[in-house]
Amino acid sequence: MKSGMLRRAIIVSLNRIYQMQIDYWILGFSAVTVAVTIWMGFRSAKTSKSASDFFVAGRSVSVGWNASAISGEYLSAASFMGIAGMVMLSGYDALWYPVCYACGYLFLLLFIAGPLRRFGAYTIPDFAEGRYDSPVFRKIAVCFVLFIGFFYTMPQMKGAGTTLAYIFKGVDFRGTMFQFLAPLDDLGRMTPGIPYWFGVAIVGLVITLNVALGGMKGITLVQAVQYWIKMFAISVPIFVLLAVYGGYGKNLALNKSAMDTPPAVVQTVEPLKAERLALPDKAPKDEAWIAPFGPLTSKAAKAAGLSAEEAKPYSLLYTFSLIVALVCGTAGLPHILVRFYTNPDGVAAKKTTMWVMILIGVFYVFPPIFGVLGRNFLPELYAASGSKGPDKVVLELPVLIREKYGILGSILSGITCAGAFAAFMSTFSGLLVSMTSALAHDVYGRMLRPGSSAGERMRMFKWCAIGVGGISVLLGSVVEPLEINFMVGQAFAIAAASYFPLLFMSVWWRGMTMKGAATGMLTGGLCALFSATVVNASTLALDKGAMGRLFSPFAGINDFWKAHPLLRILAEQPAIWSVPLAIGLMIIVSKMTRRTVPADIRMKMLVLHAPEALGLKQEYIQEHQGPAH
Amino acid sequence: MSQPPPDQSDFIHSEKFLQELMKRQLKLSISCATAFAVLLFGLPLMNYLLPGLMAQRVGGFTLSWLILGVLFFPYVWIIARVFITRSMALEVDEVRHAAEGNHRQS
């Protein structure tokens with residue numbers, strides 16, 4: 001009797017959900033992307049057996065595949081969704097993000113890629129240990145793989161939650177037995193759609209299982225394919241949209257800057273008809289949006305009540321600090337650096353970097369165009385926040401042409417959703433592999449149980465993947481009110497203040513000691529981590545929803561920021577002081593502990609810098625292993 | 001080990017070789033980095049000092065937007081291309097240099 005009622009309740013509920021308005025084109029494209037990703041993961045799981053295969057893909061990936069795979073892993077939810085959202089919200093200043101994401105690679109190429117590859121080690125902790133002959137330093141270096149990794153997964157998770165909330169916005173759980181799933185609005189009323197955390201949890205679960213079963217060999221293939229999915233998904237809809245709404249330049253021209261001369265009284269030519277939609281009050285004004293030093297960089301100074309002119313030096317400082325964070329941070333991202341070891345030799349590593357710069361550079365021209373079009377034609381997003389705000393402009397914009405071209409709008413929106421899936425899935429997988437490798441390979445395999453067998457480590461890899469995936473989902477559920485792109489910038493700032501000084505100084509200065517390197521990396525990295533966390537807590541406290549209540553104890557910090565705009569900028573963009581701090585400490589402490597410079601430093605420097613053709617690497621390994629092995 | 005222990009007194013293991021090597025590499029890297037940094041840090045300064053010029057319209061774009069949103073990428077590709085070509089030539093030269101040095105010494 002009871003079970004019959006339950007069954008009827010389920011059927012009625014499912015029936016109601018089935019009748020909801022879901023765009024099946026969008027759902028279909030997304031489902032195919034997810035299915036292909038999982039299928040490729042499982043397929044290649046069969047071919048990756050040994051532990052070495054698992055960790056660095058057997059070191060035998062060609063330049064083309066590797067460049068596509070690095071690009072695929074690098075282009076995260078921040079690149080695919082976040083940049084467009086941020087350009088729409090903040091205008092010109094947000095353009096620094098795509099430019100520095102792409103051009104930071106140059107810095108990596110100039111100073112770090114070649115030497116690191118010649119030295120040859122699986123991970124940054126391997127490098128740290130090898131360069132200073134210090135297992136202790138490895139343990140310190142491992143911490144930052146996790147710190148940076150978790151900071152970087154949070155925005156990927158927001159991308160996942162936002163995309164799923166968009167796809168299933170037509171679902172209505174209200175009045176069914178699943179109504180506990182209906183998301184609440186600011187006033188605590190139930191609304192249609194699925195909750196943000198639900199999307200985060202589903203995507204987290206799928207990727208975690210995929211990584212736990214596939215390892216990195218699978219990931220290389222998956223990442224390479226996903227680069228091309230993302231490239232296709234960002235460019236094709238843009239070409240169609242530009243054909244419908246006019247060119248990039250024409251759409252920018254609709255936004256008047258303060259410098260533009262007002263139209264003359266007597267006009268011979270008919271003035272350009274403004275076809276854009278009216279902006280809501282929450283949107284920034286045209287002249288602030290299109291000019292440098294706009295809402296993004298002048299927010300702190302404006303909040304402190306400074307005038308536009310007074311705020312400008314603060315904005316310049318903010319811009320410089322942002323540039324330092326993004327350029328140096330690219331050179332210190334753990335999950336990118338690991339891939340340099342998958343090149344067969346140093347020449348291939350350099351060629352790969354060149355191709356990566358071209359592949360991602362071309363990609364980064366497109367997302368800002370979505371931002372510009374979104375401002376002109378989808379201004380209602382300014383009024384919303386969280387997963388319903390500008391971060392979803394890439395997904396929603398193509399739907400606009402549905403009125404004119406019918407199904408084409410749905411198809412294009414389906415394509416951008418598929419691209420978004422490819423974006424957060426590939427980056428999250430890459431991060432998960434990095435963090436899990438650090439835990440399984442370093443913490444478990446070297447610290448906790450050095451004598452463990454390969455089989456035990458493989459099993460540990462799977463358990464660690466599940467643990468890391470679970471924590472990522474929890475963290476991801478909290479950050480809905482924060483901008484995707486902003487959070488990724490913070491991960492870069494932490495990498496810039498920790499790994500970048502370590503790698504840069506270790507490669508180019510023979511006087512570095514382990515103590516100097518560790519002091520600089522820990523101090524710089526932890527300072528950046530701390531300021532990013534404080535800024536996020538104070539921003540979350542401003543949220544009107546559940547997160548605002550959760551973080552309300554931190555609300556007082558915002559009064560402090562108002563009184564001290566300079567400190568707010570230095571905390572929000574810490575790179576400009578934390579990178580010099582880390583490098584300075586490295587030099588001072590190394591000079592003080594000069595006697596502990598590794599004895600074979602000349603040999604180490606030779607291995608880092610001498611051409612591989614001279615064969616110094618083999619000699620070095622031979623010496624280090626000694627006759628006992 | 002079957003191989004004999006390597007001879008470490010030859011030219012490629014000398015201090016002189018290492019210093020020359022690092023100096024040449026660093027010189028190349030720094031000159032390329034300077035070309036990059038000029039635009040990277042120069043653009044915000046231009047925006048700050050010459051806002052009128054940077055707000056000039058070029059085909060709908062402001063000059064500043066055109067540089068940052070579009071032209072920056074090819075500029076960096078050129079620097080990368082120059083660096084890769086030169087650093088590969090440098091490696092070939094270093095190998096030759098090392099062989100010559102060893103030859104002279106023995």
# chains A, B, ... in the order shown; residues from 1 in each chain; ligands from 1
$ select_by_dssp --residues "stretch 7-96 of chain B" --states "strand (DSSP E)" --output "mmCIF file with N, CA and C atoms, in the first residue's frame"
data_model
loop_
_atom_site.group_PDB
_atom_site.id
_atom_site.type_symbol
_atom_site.label_atom_id
_atom_site.label_comp_id
_atom_site.auth_asym_id
_atom_site.auth_seq_id
_atom_site.Cartn_x
_atom_site.Cartn_y
_atom_site.Cartn_z
ATOM 1 N N ARG B 57 39.670 56.670 -31.964
ATOM 2 C CA ARG B 57 38.958 55.531 -32.546
ATOM 3 C C ARG B 57 39.644 55.042 -33.819
ATOM 4 N N VAL B 58 39.846 53.733 -33.892
ATOM 5 C CA VAL B 58 40.387 53.113 -35.102
ATOM 6 C C VAL B 58 39.407 52.023 -35.508
ATOM 7 N N PHE B 61 37.245 50.586 -32.693
ATOM 8 C CA PHE B 61 38.011 50.294 -31.477
ATOM 9 C C PHE B 61 38.608 51.587 -30.942
ATOM 10 N N THR B 62 38.833 51.654 -29.624
ATOM 11 C CA THR B 62 39.749 52.688 -29.152
ATOM 12 C C THR B 62 41.145 52.139 -29.422
#
$ closest_atom_pairs --of "chain B" --to "chain A" --cutoff "6 Å" --atoms "only C-alpha atoms" --output "JSON lines"
{"residue": "B:Ser29", "atom": "CA", "partner": "A:Leu110", "partner_atom": "CA", "distance": 5.2}
{"residue": "B:Gly59", "atom": "CA", "partner": "A:Gly249", "partner_atom": "CA", "distance": 5.8}
{"residue": "B:Gly60", "atom": "CA", "partner": "A:Gly249", "partner_atom": "CA", "distance": 4.2}
{"residue": "B:Phe61", "atom": "CA", "partner": "A:Gly249", "partner_atom": "CA", "distance": 5.1}
{"residue": "B:Phe73", "atom": "CA", "partner": "A:Gly361", "partner_atom": "CA", "distance": 5.8}
{"residue": "B:Glu91", "atom": "CA", "partner": "A:Pro611", "partner_atom": "CA", "distance": 5.5}
$ residues_around --residues "A:Val203" --least-positions-apart "5" --cutoff "9 Å" --atoms "only C-alpha atoms" --output "VMD selection string"
chain A and resid 157 160 to 161 164 198 208 421 424 to 425 473
$ write_last_selection --atoms "C-alpha atoms" --output "PDB file, in the first residue's frame"
ATOM      1  CA  MET A 157      33.484  24.378 -10.112  1.00  0.00           C
ATOM      2  CA  ALA A 160      30.217  23.786 -13.755  1.00  0.00           C
ATOM      3  CA  GLY A 161      27.477  24.998 -11.420  1.00  0.00           C
ATOM      4  CA  LEU A 164      24.257  23.187 -15.351  1.00  0.00           C
ATOM      5  CA  PHE A 198      23.842  20.277  -7.600  1.00  0.00           C
ATOM      6  CA  THR A 208      36.734  12.367 -10.308  1.00  0.00           C
ATOM      7  CA  PHE A 421      31.898  21.579 -20.377  1.00  0.00           C
ATOM      8  CA  PHE A 424      35.936  23.106 -16.828  1.00  0.00           C
ATOM      9  CA  MET A 425      36.177  19.349 -17.295  1.00  0.00           C
ATOM     10  CA  VAL A 473      33.149  20.030  -4.742  1.00  0.00           C
TER      11      VAL A 473
END
$ select_by_dssp --residues "chain B" --states "helix (DSSP H, G or I)" --output "ChimeraX atom specification"
/B:11-13,15-49,51-54,63-105
$ closest_residue --among "B:Ile79, B:Leu90, B:Leu53, B:Val70" --to "B:Arg24" --atoms "only C-alpha atoms"
B:Leu90
$ closest_residue --among "A:Ser68, A:Gln573, A:Thr539, A:Thr153" --to "A:Ile557" --atoms "only C-alpha atoms"
A:Thr539
$ atom_distance --atom1 "atom CA of A:Ala182" --atom2 "atom CA of A:Gly199"
12.7 Å
$ closest_residue --among "A:Pro580, A:Gly159, A:Gly305, A:Gly28" --to "A:Pro390" --atoms "only C-alpha atoms"
A:Gly159
$ atom_distance --atom1 "atom CA of A:Ala212" --atom2 "atom CA of A:Lys462"
4.6 Å
$ closest_residue --among "A:Leu400, A:Asn485, A:Ala348, A:Trp197" --to "B:Met88" --atoms "only C-alpha atoms"
A:Ala348
$ residues_around --residues "B:His13" --least-positions-apart "2" --cutoff "10 Å" --atoms "only C-alpha atoms" --output "list of chain:residue names"
A:Arg602, A:Met603, A:Leu606, A:Leu616, B:Asp7, B:Gln8, B:Ser9, B:Asp10, B:Phe11, B:Glu15, B:Lys16, B:Phe17, B:Leu18, B:Ala98, B:Asn102
$ residues_around --residues "A:Cys527" --least-positions-apart "4" --cutoff "7 Å" --atoms "only C-alpha atoms" --output "list in words"
Thr523, Ser531 and Ser578 of chain A
$ write_last_selection --atoms "C-alpha atoms" --output "JSON list (two decimals), in the first residue's frame"
[["chain", "number", "residue", "atom", "x", "y", "z"],
["A", 523, "THR", "CA", 56.72, 33.52, 2.93],
["A", 531, "SER", "CA", 45.48, 38.06, 1.40],
["A", 578, "SER", "CA", 54.79, 39.35, -2.62]]
$ residues_around --residues "A:Gly120" --least-positions-apart "5" --cutoff "9 Å" --atoms "only C-alpha atoms" --output "list of chain:residue names"
A:Pro115, A:Asp126, A:Phe127, A:Tyr341, A:Leu608, A:Lys617
$ residues_around --residues "A:Leu395" --least-positions-apart "2" --cutoff "10 Å" --atoms "only C-alpha atoms" --output "PyMOL selection string"
chain A and resi 26+80-81+162-163+166-167+370+390-393+397-399+412-420
